[in-house]
Protein chains: 6
Amino acid sequence: MPVVVTEIARADPAVVAALGECGVATVHEAQGRRGLMQARMRPIQTDRAIAGSAVTISVPPGDNWMLHVAIEQLREGDIMVVAPTSPCDAGYFGELLATSAMARGCRALVIDGGVRDLRDLRAVGFLVWSTAVSAQGTVKASLGDVNLPVVCAGALVNPGDVIVADDDGVCVVPRAEAAGVLDRARQRLAAEADKRRRLAAGELGLDIYDMRAALAARGLRYV
Amino acid sequence: MPVVVTEIARADPAVVAALGECGVATVHEAQGRRGLMQARMRPIQTDRAIAGSAVTISVPPGDNWMLHVAIEQLREGDIMVVAPTSPCDAGYFGELLATSAMARGCRALVIDGGVRDLRDLRAVGFLVWSTAVSAQGTVKASLGDVNLPVVCAGALVNPGDVIVADDDGVCVVPRAEAAGVLDRARQRLAAEADKRRRLAAGELGLDIYDMRAALAARGLRYV
Amino acid sequence: MPVVVTEIARADPAVVAALGECGVATVHEAQGRRGLMQARMRPIQTDRAIAGSAVTISVPPGDNWMLHVAIEQLREGDIMVVAPTSPCDAGYFGELLATSAMARGCRALVIDGGVRDLRDLRAVGFLVWSTAVSAQGTVKASLGDVNLPVVCAGALVNPGDVIVADDDGVCVVPRAEAAGVLDRARQRLAAEADKRRRLAAGELGLDIYDMRAALAARGLRYV
Amino acid sequence: MPVVVTEIARADPAVVAALGECGVATVHEAQGRRGLMQARMRPIQTDRAIAGSAVTISVPPGDNWMLHVAIEQLREGDIMVVAPTSPCDAGYFGELLATSAMARGCRALVIDGGVRDLRDLRAVGFLVWSTAVSAQGTVKASLGDVNLPVVCAGALVNPGDVIVADDDGVCVVPRAEAAGVLDRARQRLAAEADKRRRLAAGELGLDIYDMRAALAARGLRYV
Amino acid sequence: MPVVVTEIARADPAVVAALGECGVATVHEAQGRRGLMQARMRPIQTDRAIAGSAVTISVPPGDNWMLHVAIEQLREGDIMVVAPTSPCDAGYFGELLATSAMARGCRALVIDGGVRDLRDLRAVGFLVWSTAVSAQGTVKASLGDVNLPVVCAGALVNPGDVIVADDDGVCVVPRAEAAGVLDRARQRLAAEADKRRRLAAGELGLDIYDMRAALAARGLRYV
Amino acid sequence: MPVVVTEIARADPAVVAALGECGVATVHEAQGRRGLMQARMRPIQTDRAIAGSAVTISVPPGDNWMLHVAIEQLREGDIMVVAPTSPCDAGYFGELLATSAMARGCRALVIDGGVRDLRDLRAVGFLVWSTAVSAQGTVKASLGDVNLPVVCAGALVNPGDVIVADDDGVCVVPRAEAAGVLDRARQRLAAEADKRRRLAAGELGLDIYDMRAALAARGLRYV
């Protein structure tokens, strides 16, 4: 039976925002290289990053009725995460739905399917990561669920998980782990800042990371 | 036997231009969700839209001789629609051919194959939707046809049909239906303007479209 | 046994630079339509072109240890060419490695695999052509080779070969042939300049290239 | 408005059967290398060939209602040709529909989409060429057309056209051209029989087709 | 930290076996069209079906060390379900591992990656569903987990879930729902038996399912 | 200029045959995991293996003229290795060419492109590994080379190299290394025979390969 879960826990907004500033690659490393969506999930815009709380939406293939249902559940800072129950790359989402989502404080969509109205979406600054672009419309005939766990582009997403997205792709951080992951992400960034300075000055990773002995032990020869 | 049809009917230029302003998603809906090319047909530029009359060109795989033949048939406002008779993603079209096409008033190409000279094409503002990018050259050894019906990226295109293209993809409007499709597209846009205003003000699609009873009847539960 | 070749011959820097100005499509034609990488090799940036000397790097799938080894071998004007020994689209390369490579005068990467930190790479102007984008990290567990021949995206690359890359893709020019290819590329560009002028003025390729008789001989009919 | 055309012309059954014996590659050549569906159209069985008259069916994505409508229109020797109006690789067709189709004399399906119940279909000898295999079910919510022209896997199919299918793929022969294509196909086969005998005896194509002078004229050198 | 869960609950073996006899399409329908793996998951053999209890295995990309660890956890009737933490289509599994798994009563593998030794695997009757075939070997350098939840080819699999696999693909039935799904699957099969008999006798689905009025109400016209 | 090299060195026929018996996976391991063609290179038949000496053929896209030229160069035990200079998946090869090749003692083809006449090829026992199946014919208009090095499906092949092919794919062994690779392959097979016996008897790889301490040292926990 189709269900809408109306109350979900979300992570601390300050933690969510800070994870967005860390970026996908750093966050992904900081949580042990888990939670990355498949590489076919790509942004429709360039050089933009965001983080938000997942409102999860399962939809029947080629049917976007549940998106209207889900929008009522959105709060400031949420990201819609849409997963069809079977692959169908129609255009489930366009500019009108974005207008409605933005009115509720949502500014991004992650969908294992298609979107349309790309120029309009870029013009209003609504961010989209999708696995397809398609003008093909959908129907409103069958139901799915809102705020139950979904698998989106190969990653398990629970409602309220933190979604981090930039040009590298999309990463899912379990809500309960968000603060810990942020700590580790910041440690990585701090450590990288020093390395970046040394690398930029011409030092080699071979020396900074002390790799030469290990390489020689593996048999690397210079000829 | 290879054929060039030199006289084709085209739609009213004002109708063509107006369809271009409506955009692919709206036009596609307005004609009953038909005529959309496959999603692998993508633009080489961003945030540009156009409409024009199709000059259809069938080419042997890896052979672009017929493009030279077709250019002579181009008129102001035409769009070249190229379909190889067998898939081959070589670079059939580049900046010199674009220069020649532009001299005859053509400003866009739709090709189920590859193009090259992307920087030059973008620099001169010649618009391209293609299924591949490739620097690989083609030969001039075998003939095809100009202005016979073709299937391009899964869509049937008759010469003189209206091609509408933007970041969402490419849609084909049969010439005889162009005016009627435009009427319906404009009606959609007018209806959407009111909905957009209400959605932006925070009203929900659930209420605007009166969906709540239907959803409940389908068994949707809020928990 | 893993090997690093420390001394490789490179082409004349002036020739390399001039090939970069000619662009991929012209260079590819000038050397007889050879050396083009597969079309899945795409740039992460738009409207940029470059040429450089190949430092070739083979890496185990999902392992980027050899990139650190290779950076020590880079000189001003080099381009890193990375080929995994088995396909694995992880993110082998990011902003820290780019910082290190740039400190040695390298400004571009060509990789049959994934990269990450796209925003940072674009921000610092490090150019990348890759077959994937992925935030997934790699390990440093196994060795490959530096400056032995590799097959990258379907093209054979010897160390010191000239890599030409732009929005059309990537082309490999054997080092010993670089000067000769440049001569032929310049001849093509000179010939094209005159044709471009005539085509822009409205002359037809059918006439400039004297094609009408050959087309008629093949049976082309105008109806 | 959705339409079922109940009376369509079909080609002479003897011609259809004979085209099936010629096979796809020969028929495709005999009609000037036209009408071949894209290579992603593959059989679910091995070493089987067939020909039949097309009953064309357009379906909404993920909706197989029209297949039930179409079965009533089938006659002995027909082949169902199914094209979704937008790509969706669900499993539109399975063993129950095959049972019904076989009861009306239809023994094959060509579908630009998915099928399921593969073991059962192979067990009863119902032949299928499809672009996907999927157990995912479809809905019965929206209508399409029966016996209007469709584009299926890149080929235009009119109702009553002859469909020829084997392990090489699927080819469409326009109904009105069937007899002429058969004549040319038989001529090819007759010509090939002699060549096959000579080639099997060790003669070379270089000599049988008298290619040596042409090759030398093109500059081929033996070293 | 890498973990092996040594005690997992499994479904009743009689229920598992019976689900295998129902087949993927029926089971998928019986549980509300959920749990189907993506269509790129294909069998290496033809006309074989199986069901078993999932032993779930996450592996680093290109690393099969955890398969050795997992084999110790296998019991009679288990199926190995392998999901790399990042996509890498190397050949993680071959005939030696199959020999070891069969010695513990396991007769099938489902892997979102590659396998090798296909002839040997088919010869000994070890069943495989995979997303790739590759002879490329893997390393034994990094750890993953055994019997934690995994996402495999787009489907969430918990240890002990029932895996049903045949030529149509692979479906996952949550362990706790197995008996209920079997009941519904058997009801479907019983209902289908009667319909099959009637369809085979020439009755139409249009009549059996009483569709004619609904089609007319939707506007279907016969012409 | 197009060239045919008429004299090439081949490996010892006994070594070639023995490599074929070892199979692709073993040979690939024995030569240090190099030389494997991309996984898109697939057989058209099942459960067959072969090895032979490469006669390398480069062809223009969609042009099979050089296949006729190459057949004259074939000797008993050769395998044709065909690489288009640009990707084009037409059907370059069919039953007549196979008849001619078999008359000269060649029994297999490896092609980075398409083949046709699959039923006939399987019927006469001519083995094919290809990256496509297509009935689309090719032209005889342009030349390539015979017995120069080619890159085929991502692997460098020199004329006379040993090609090993089975259901796992295709592997290239450099001619000069063939005997050494065979020695190592046989050592692997001998070592595997003992392991297979122990694994079949129920011993675990964990114990045979003495992995438990290393796993514990990496932190693997059993819970």
# chains A, B, ... in the order shown; residues from 1 in each chain; ligands from 1
>>> select_by_dssp(residues="stretch 36-97 of chain E", states="alpha helix (DSSP H)", output="MDAnalysis selection string")
chainID E and resid 65:71 95:97
>>> residues_around(residues="D:Gly219", least_positions_apart="6", cutoff="10 Å", atoms="only C-alpha atoms", output="list in words")
Ala213 of chain D; Met1, Pro2, Val3 and Leu143 of chain F
>>> write_last_selection(atoms="all heavy atoms", output="PDB file, in the first residue's frame")
ATOM      1  N   ALA D 213      43.883  -5.040 -60.220  1.00  0.00           N
ATOM      2  CA  ALA D 213      44.258  -3.807 -60.922  1.00  0.00           C
ATOM      3  C   ALA D 213      43.750  -2.580 -60.154  1.00  0.00           C
ATOM      4  O   ALA D 213      44.478  -1.595 -59.982  1.00  0.00           O
ATOM      5  CB  ALA D 213      43.686  -3.816 -62.341  1.00  0.00           C
TER       6      ALA D 213
ATOM      7  N   MET F   1      50.614   5.380 -47.252  1.00  0.00           N
ATOM      8  CA  MET F   1      50.321   4.482 -48.377  1.00  0.00           C
ATOM      9  C   MET F   1      49.944   3.099 -47.865  1.00  0.00           C
ATOM     10  O   MET F   1      50.624   2.542 -47.019  1.00  0.00           O
ATOM     11  CB  MET F   1      51.573   4.378 -49.262  1.00  0.00           C
ATOM     12  CG  MET F   1      51.911   5.663 -49.975  1.00  0.00           C
ATOM     13  SD  MET F   1      50.599   6.119 -51.149  1.00  0.00           S
ATOM     14  CE  MET F   1      50.775   4.796 -52.354  1.00  0.00           C
ATOM     15  N   PRO F   2      48.898   2.518 -48.419  1.00  0.00           N
ATOM     16  CA  PRO F   2      48.467   1.196 -47.960  1.00  0.00           C
ATOM     17  C   PRO F   2      49.501   0.122 -48.302  1.00  0.00           C
ATOM     18  O   PRO F   2      50.080   0.122 -49.383  1.00  0.00           O
ATOM     19  CB  PRO F   2      47.159   0.973 -48.720  1.00  0.00           C
ATOM     20  CG  PRO F   2      47.167   1.937 -49.848  1.00  0.00           C
ATOM     21  CD  PRO F   2      48.007   3.097 -49.428  1.00  0.00           C
ATOM     22  N   VAL F   3      49.678  -0.791 -47.378  1.00  0.00           N
ATOM     23  CA  VAL F   3      50.741  -1.785 -47.495  1.00  0.00           C
ATOM     24  C   VAL F   3      50.213  -3.165 -47.107  1.00  0.00           C
ATOM     25  O   VAL F   3      49.410  -3.293 -46.194  1.00  0.00           O
ATOM     26  CB  VAL F   3      51.908  -1.391 -46.553  1.00  0.00           C
ATOM     27  CG1 VAL F   3      52.847  -2.568 -46.310  1.00  0.00           C
ATOM     28  CG2 VAL F   3      52.667  -0.215 -47.126  1.00  0.00           C
ATOM     29  N   LEU F 143      41.325   1.768 -49.044  1.00  0.00           N
ATOM     30  CA  LEU F 143      42.282   0.750 -48.635  1.00  0.00           C
ATOM     31  C   LEU F 143      42.734   0.935 -47.197  1.00  0.00           C
ATOM     32  O   LEU F 143      42.638   2.017 -46.627  1.00  0.00           O
ATOM     33  CB  LEU F 143      43.504   0.780 -49.566  1.00  0.00           C
ATOM     34  CG  LEU F 143      43.205   0.593 -51.053  1.00  0.00           C
ATOM     35  CD1 LEU F 143      44.494   0.362 -51.820  1.00  0.00           C
ATOM     36  CD2 LEU F 143      42.244  -0.558 -51.274  1.00  0.00           C
TER      37      LEU F 143
END
>>> closest_atom_pairs(of="stretch 5-44 of chain C", to="stretch 38-60 of chain F", cutoff="12 Å", atoms="only C-alpha atoms", output="JSON lines")
{"residue": "C:Gly32", "atom": "CA", "partner": "F:Pro60", "partner_atom": "CA", "distance": 11.3}
{"residue": "C:Arg33", "atom": "CA", "partner": "F:Pro60", "partner_atom": "CA", "distance": 9.7}
{"residue": "C:Arg34", "atom": "CA", "partner": "F:Pro60", "partner_atom": "CA", "distance": 10.6}
>>> interface_residues(of="chain E", to="chain C", cutoff="10 Å", atoms="only C-alpha atoms", output="PDB file with N, CA, C and O atoms, in the first residue's frame")
ATOM      1  N   PRO E  60      35.849  -4.507  -2.528  1.00  0.00           N
ATOM      2  CA  PRO E  60      36.426  -3.322  -3.168  1.00  0.00           C
ATOM      3  C   PRO E  60      36.498  -3.546  -4.680  1.00  0.00           C
ATOM      4  O   PRO E  60      36.559  -4.697  -5.124  1.00  0.00           O
ATOM      5  N   PRO E  61      36.505  -2.485  -5.463  1.00  0.00           N
ATOM      6  CA  PRO E  61      36.584  -2.668  -6.923  1.00  0.00           C
ATOM      7  C   PRO E  61      37.857  -3.414  -7.321  1.00  0.00           C
ATOM      8  O   PRO E  61      38.950  -3.053  -6.902  1.00  0.00           O
ATOM      9  N   GLY E  62      37.697  -4.481  -8.112  1.00  0.00           N
ATOM     10  CA  GLY E  62      38.847  -5.222  -8.616  1.00  0.00           C
ATOM     11  C   GLY E  62      39.547  -6.054  -7.568  1.00  0.00           C
ATOM     12  O   GLY E  62      40.703  -6.432  -7.753  1.00  0.00           O
ATOM     13  N   ASP E  63      38.868  -6.415  -6.502  1.00  0.00           N
ATOM     14  CA  ASP E  63      39.470  -7.148  -5.387  1.00  0.00           C
ATOM     15  C   ASP E  63      38.510  -8.254  -4.966  1.00  0.00           C
ATOM     16  O   ASP E  63      37.372  -7.977  -4.608  1.00  0.00           O
ATOM     17  N   THR E  85      31.998  -2.044  -4.138  1.00  0.00           N
ATOM     18  CA  THR E  85      31.645  -0.738  -3.571  1.00  0.00           C
ATOM     19  C   THR E  85      31.790   0.373  -4.610  1.00  0.00           C
ATOM     20  O   THR E  85      31.312   1.477  -4.407  1.00  0.00           O
ATOM     21  N   SER E  86      32.448   0.098  -5.709  1.00  0.00           N
ATOM     22  CA  SER E  86      32.531   1.018  -6.842  1.00  0.00           C
ATOM     23  C   SER E  86      32.589   0.168  -8.089  1.00  0.00           C
ATOM     24  O   SER E  86      33.152  -0.919  -8.083  1.00  0.00           O
ATOM     25  N   PRO E  87      32.006   0.633  -9.203  1.00  0.00           N
ATOM     26  CA  PRO E  87      31.925  -0.248 -10.371  1.00  0.00           C
ATOM     27  C   PRO E  87      33.302  -0.613 -10.927  1.00  0.00           C
ATOM     28  O   PRO E  87      34.132   0.253 -11.176  1.00  0.00           O
ATOM     29  N   CYS E  88      33.547  -1.887 -11.111  1.00  0.00           N
ATOM     30  CA  CYS E  88      34.765  -2.379 -11.774  1.00  0.00           C
ATOM     31  C   CYS E  88      34.472  -3.777 -12.275  1.00  0.00           C
ATOM     32  O   CYS E  88      34.255  -4.685 -11.473  1.00  0.00           O
ATOM     33  N   ASP E  89      34.460  -3.912 -13.607  1.00  0.00           N
ATOM     34  CA  ASP E  89      33.984  -5.148 -14.225  1.00  0.00           C
ATOM     35  C   ASP E  89      35.069  -6.186 -14.434  1.00  0.00           C
ATOM     36  O   ASP E  89      35.050  -6.901 -15.439  1.00  0.00           O
ATOM     37  N   ALA E  90      36.023  -6.299 -13.545  1.00  0.00           N
ATOM     38  CA  ALA E  90      37.019  -7.356 -13.673  1.00  0.00           C
ATOM     39  C   ALA E  90      36.358  -8.709 -13.434  1.00  0.00           C
ATOM     40  O   ALA E  90      35.176  -8.783 -13.082  1.00  0.00           O
ATOM     41  N   SER E 134      34.557 -11.216 -17.965  1.00  0.00           N
ATOM     42  CA  SER E 134      35.907 -10.677 -18.134  1.00  0.00           C
ATOM     43  C   SER E 134      36.932 -11.665 -17.610  1.00  0.00           C
ATOM     44  O   SER E 134      36.782 -12.228 -16.529  1.00  0.00           O
ATOM     45  N   ALA E 135      37.986 -11.842 -18.393  1.00  0.00           N
ATOM     46  CA  ALA E 135      39.089 -12.704 -17.949  1.00  0.00           C
ATOM     47  C   ALA E 135      40.054 -11.966 -17.042  1.00  0.00           C
ATOM     48  O   ALA E 135      40.956 -12.574 -16.473  1.00  0.00           O
ATOM     49  N   GLN E 136      39.890 -10.670 -16.905  1.00  0.00           N
ATOM     50  CA  GLN E 136      40.819  -9.861 -16.111  1.00  0.00           C
ATOM     51  C   GLN E 136      40.797 -10.279 -14.647  1.00  0.00           C
ATOM     52  O   GLN E 136      39.751 -10.261 -14.006  1.00  0.00           O
ATOM     53  N   GLY E 137      41.945 -10.619 -14.107  1.00  0.00           N
ATOM     54  CA  GLY E 137      42.022 -11.039 -12.719  1.00  0.00           C
ATOM     55  C   GLY E 137      41.885  -9.881 -11.746  1.00  0.00           C
ATOM     56  O   GLY E 137      41.923  -8.706 -12.124  1.00  0.00           O
ATOM     57  N   THR E 138      41.718 -10.226 -10.482  1.00  0.00           N
ATOM     58  CA  THR E 138      41.573  -9.231  -9.416  1.00  0.00           C
ATOM     59  C   THR E 138      42.694  -9.429  -8.399  1.00  0.00           C
ATOM     60  O   THR E 138      43.441 -10.405  -8.455  1.00  0.00           O
ATOM     61  N   VAL E 139      42.797  -8.486  -7.460  1.00  0.00           N
ATOM     62  CA  VAL E 139      43.821  -8.586  -6.425  1.00  0.00           C
ATOM     63  C   VAL E 139      43.184  -9.044  -5.113  1.00  0.00           C
ATOM     64  O   VAL E 139      41.965  -9.221  -5.010  1.00  0.00           O
ATOM     65  N   ALA E 141      43.808  -7.426  -1.806  1.00  0.00           N
ATOM     66  CA  ALA E 141      44.527  -6.384  -1.072  1.00  0.00           C
ATOM     67  C   ALA E 141      43.673  -5.672  -0.023  1.00  0.00           C
ATOM     68  O   ALA E 141      44.206  -5.178   0.963  1.00  0.00           O
ATOM     69  N   SER E 142      42.351  -5.616  -0.244  1.00  0.00           N
ATOM     70  CA  SER E 142      41.507  -4.808   0.641  1.00  0.00           C
ATOM     71  C   SER E 142      40.277  -5.613   1.050  1.00  0.00           C
ATOM     72  O   SER E 142      39.873  -6.545   0.366  1.00  0.00           O
TER      73      SER E 142
END
>>> closest_residue(among="D:Leu127, D:Val133, D:Ala11, D:Leu220", to="E:Val170", atoms="only C-alpha atoms")
D:Val133
>>> atom_distance(atom1="atom CA of D:Arg119", atom2="atom CA of F:Asp166")
25.6 Å
>>> residues_around(residues="A:Arg196", least_positions_apart="2", cutoff="9 Å", atoms="only C-alpha atoms", output="PDB file with N, CA and C atoms, in the first residue's frame")
ATOM      1  N   ALA A 191      44.359  18.618   6.473  1.00  0.00           N
ATOM      2  CA  ALA A 191      45.588  17.925   6.097  1.00  0.00           C
ATOM      3  C   ALA A 191      45.963  18.236   4.650  1.00  0.00           C
ATOM      4  N   GLU A 192      44.955  18.343   3.787  1.00  0.00           N
ATOM      5  CA  GLU A 192      45.227  18.619   2.372  1.00  0.00           C
ATOM      6  C   GLU A 192      45.776  20.023   2.165  1.00  0.00           C
ATOM      7  N   ALA A 193      45.366  20.955   3.012  1.00  0.00           N
ATOM      8  CA  ALA A 193      45.805  22.338   2.809  1.00  0.00           C
ATOM      9  C   ALA A 193      47.325  22.429   2.891  1.00  0.00           C
ATOM     10  N   ASP A 194      47.884  21.725   3.874  1.00  0.00           N
ATOM     11  CA  ASP A 194      49.335  21.737   4.022  1.00  0.00           C
ATOM     12  C   ASP A 194      50.012  21.050   2.830  1.00  0.00           C
ATOM     13  N   ARG A 198      52.722  22.500  -0.106  1.00  0.00           N
ATOM     14  CA  ARG A 198      54.023  21.903  -0.390  1.00  0.00           C
ATOM     15  C   ARG A 198      54.110  21.421  -1.839  1.00  0.00           C
ATOM     16  N   LEU A 199      53.018  20.804  -2.334  1.00  0.00           N
ATOM     17  CA  LEU A 199      53.017  20.347  -3.732  1.00  0.00           C
ATOM     18  C   LEU A 199      53.135  21.528  -4.689  1.00  0.00           C
ATOM     19  N   ALA A 200      52.432  22.598  -4.378  1.00  0.00           N
ATOM     20  CA  ALA A 200      52.480  23.777  -5.241  1.00  0.00           C
ATOM     21  C   ALA A 200      53.883  24.374  -5.265  1.00  0.00           C
ATOM     22  N   ALA A 201      54.617  24.184  -4.157  1.00  0.00           N
ATOM     23  CA  ALA A 201      55.983  24.704  -4.087  1.00  0.00           C
ATOM     24  C   ALA A 201      56.976  23.774  -4.782  1.00  0.00           C
TER      25      ALA A 201
ATOM     26  N   GLU C  95      42.422  17.296  -7.569  1.00  0.00           N
ATOM     27  CA  GLU C  95      43.036  18.616  -7.523  1.00  0.00           C
ATOM     28  C   GLU C  95      44.435  18.612  -6.910  1.00  0.00           C
ATOM     29  N   LEU C  96      44.688  17.743  -5.930  1.00  0.00           N
ATOM     30  CA  LEU C  96      46.029  17.738  -5.329  1.00  0.00           C
ATOM     31  C   LEU C  96      47.075  17.260  -6.343  1.00  0.00           C
ATOM     32  N   LEU C  97      46.750  16.212  -7.070  1.00  0.00           N
ATOM     33  CA  LEU C  97      47.681  15.744  -8.097  1.00  0.00           C
ATOM     34  C   LEU C  97      47.874  16.808  -9.173  1.00  0.00           C
ATOM     35  N   THR C  99      47.740  20.012  -8.727  1.00  0.00           N
ATOM     36  CA  THR C  99      48.623  21.029  -8.152  1.00  0.00           C
ATOM     37  C   THR C  99      50.083  20.621  -8.319  1.00  0.00           C
ATOM     38  N   SER C 100      50.343  19.350  -8.026  1.00  0.00           N
ATOM     39  CA  SER C 100      51.705  18.842  -8.130  1.00  0.00           C
ATOM     40  C   SER C 100      52.185  18.826  -9.582  1.00  0.00           C
TER      41      SER C 100
END
>>> atom_distance(atom1="atom CA of E:Ile208", atom2="atom CA of D:Pro159")
26.5 Å
>>> residues_around(residues="D:Ile163", least_positions_apart="4", cutoff="12 Å", atoms="only C-alpha atoms", output="number ranges by chain")
D: 10-11, 15-20, 23-24, 27-28, 35-37, 49-56, 77-81, 108-110, 129, 152, 155-159, 169-175, 178
>>> write_last_selection(atoms="C-alpha atoms", output="PDB file, in the first residue's frame")
ATOM      1  CA  ARG D  10      -0.623  -8.207 -46.752  1.00  0.00           C
ATOM      2  CA  ALA D  11       1.923  -9.541 -49.210  1.00  0.00           C
ATOM      3  CA  VAL D  15       6.560 -14.373 -51.275  1.00  0.00           C
ATOM      4  CA  VAL D  16       6.724 -13.788 -47.526  1.00  0.00           C
ATOM      5  CA  ALA D  17       7.827 -17.342 -46.849  1.00  0.00           C
ATOM      6  CA  ALA D  18      10.447 -17.189 -49.577  1.00  0.00           C
ATOM      7  CA  LEU D  19      11.877 -13.938 -48.191  1.00  0.00           C
ATOM      8  CA  GLY D  20      12.251 -15.668 -44.827  1.00  0.00           C
ATOM      9  CA  GLY D  23      17.494 -14.373 -44.644  1.00  0.00           C
ATOM     10  CA  VAL D  24      18.060 -10.868 -43.380  1.00  0.00           C
ATOM     11  CA  VAL D  27      17.108  -9.395 -48.285  1.00  0.00           C
ATOM     12  CA  HIS D  28      18.699  -6.255 -46.910  1.00  0.00           C
ATOM     13  CA  GLY D  35      15.022  -1.132 -43.760  1.00  0.00           C
ATOM     14  CA  LEU D  36      17.404  -2.670 -41.238  1.00  0.00           C
ATOM     15  CA  MET D  37      16.491  -2.187 -37.595  1.00  0.00           C
ATOM     16  CA  ALA D  49      14.643 -17.418 -38.993  1.00  0.00           C
ATOM     17  CA  ILE D  50      11.176 -16.254 -39.951  1.00  0.00           C
ATOM     18  CA  ALA D  51       9.228 -13.851 -42.137  1.00  0.00           C
ATOM     19  CA  GLY D  52       5.725 -12.511 -41.699  1.00  0.00           C
ATOM     20  CA  SER D  53       3.350  -9.606 -42.241  1.00  0.00           C
ATOM     21  CA  ALA D  54       3.630  -6.719 -39.813  1.00  0.00           C
ATOM     22  CA  VAL D  55       0.766  -5.858 -37.515  1.00  0.00           C
ATOM     23  CA  THR D  56       2.066  -2.595 -36.109  1.00  0.00           C
ATOM     24  CA  GLY D  77       1.497 -15.601 -40.614  1.00  0.00           C
ATOM     25  CA  ASP D  78       1.496 -12.187 -38.952  1.00  0.00           C
ATOM     26  CA  ILE D  79       4.316 -10.791 -36.829  1.00  0.00           C
ATOM     27  CA  MET D  80       3.601  -8.277 -34.072  1.00  0.00           C
ATOM     28  CA  VAL D  81       5.773  -5.144 -34.341  1.00  0.00           C
ATOM     29  CA  ALA D 108       6.786 -14.019 -33.680  1.00  0.00           C
ATOM     30  CA  LEU D 109       7.189 -10.655 -31.987  1.00  0.00           C
ATOM     31  CA  VAL D 110       9.503  -7.737 -32.783  1.00  0.00           C
ATOM     32  CA  TRP D 129      13.385 -10.189 -31.299  1.00  0.00           C
ATOM     33  CA  CYS D 152      10.630   0.532 -34.478  1.00  0.00           C
ATOM     34  CA  ALA D 155      13.121   1.546 -39.005  1.00  0.00           C
ATOM     35  CA  LEU D 156       9.835   2.764 -40.430  1.00  0.00           C
ATOM     36  CA  VAL D 157       7.253  -0.035 -40.518  1.00  0.00           C
ATOM     37  CA  ASN D 158       3.913   0.223 -42.277  1.00  0.00           C
ATOM     38  CA  PRO D 159       1.190  -2.304 -41.473  1.00  0.00           C
ATOM     39  CA  GLY D 169      18.624  -8.915 -36.828  1.00  0.00           C
ATOM     40  CA  VAL D 170      15.402  -7.662 -38.372  1.00  0.00           C
ATOM     41  CA  CYS D 171      14.748  -6.133 -41.803  1.00  0.00           C
ATOM     42  CA  VAL D 172      11.561  -4.464 -43.103  1.00  0.00           C
ATOM     43  CA  VAL D 173      10.469  -4.904 -46.713  1.00  0.00           C
ATOM     44  CA  PRO D 174       7.732  -2.542 -47.933  1.00  0.00           C
ATOM     45  CA  ARG D 175       4.737  -4.662 -48.914  1.00  0.00           C
ATOM     46  CA  ALA D 178       8.136  -7.636 -51.665  1.00  0.00           C
TER      47      ALA D 178
END
>>> select_by_dssp(residues="stretch 15-221 of chain A", states="strand (DSSP E)", output="PyMOL selection string")
chain A and resi 42-43+50-59+78-84+91-93+108-115+127-133+145-146+150-152+155-157+162-166+169-173+221
>>> residues_around(residues="E:Asp120", least_positions_apart="4", cutoff="10 Å", atoms="only C-alpha atoms", output="ChimeraX atom specification")
/E:94-96,98,116,124-126 /F:47,167
>>> atom_distance(atom1="atom CA of A:Met211", atom2="atom CA of C:Val5")
18.0 Å
